[in-house]
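To keep things clear, I will list the structure first and then write my remarks on it.
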Amino acid sequence: MNNNNLRTWVRGGSSKGKAGYWLAFDYNTDIIQRIKETVPSYLREWNAEKKEWWISELCEKQINDIFGGFLEAVIAQRRLF
């Protein structure tokens, strides 16, 4: 899968203050299923109001497996700060 499906991602905390990323993408049952299969439930959360997933920074590899090129974007952004 490639990152063309990923509309936005923002580094941010979960509702419990854990570090990670808020991800938004067009509704896609395959992506949702992959998130649920590869990211443990305690390392992800769904915000129905914003229609965004939060995924822990501990799961960067899983995010990259779902949205190819994600890690390269994270690394490029880190260089800016």
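By convention in this document, the chains of the structure tokens carry letters A, B, ... by their order, each chain's residues are numbered from 1, and ligands are numbered from 1 in the order they are shown.
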Check chain A with DSSP on the backbone and list each residue it calls helix (DSSP H, G or I), as a ChimeraX atom specification. /A:3-5,29-38,41-43,57-66,70-80
12 Å contact set for range 15-27 of chain A, only C-alpha atoms, chain neighbours under 6 positions out, as a ChimeraX atom specification: /A:2-9,33,35,42-60,63-64,66-67,70-71,74
For a test of reading the model, state the distance in Å between CA of Pro40 in chain A and CA of Gly69 in chain A, rounded to one decimal. 21.6 Å
Pairwise distance for CA of Gln77 in chain A and CA of Gln62 in chain A, rounded to one decimal in Å: 18.6 Å
Quick one: DSSP strand (DSSP E or B) residues in chain A, as number ranges by chain? A: 2, 6-13, 19-25, 44-47, 52-56, 68
Give me, please, the distance in Å between CA of Arg11 in chain A and CA of Arg78 in chain A, quoted to one decimal.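 Distance between the two atoms: 10.6 Å.
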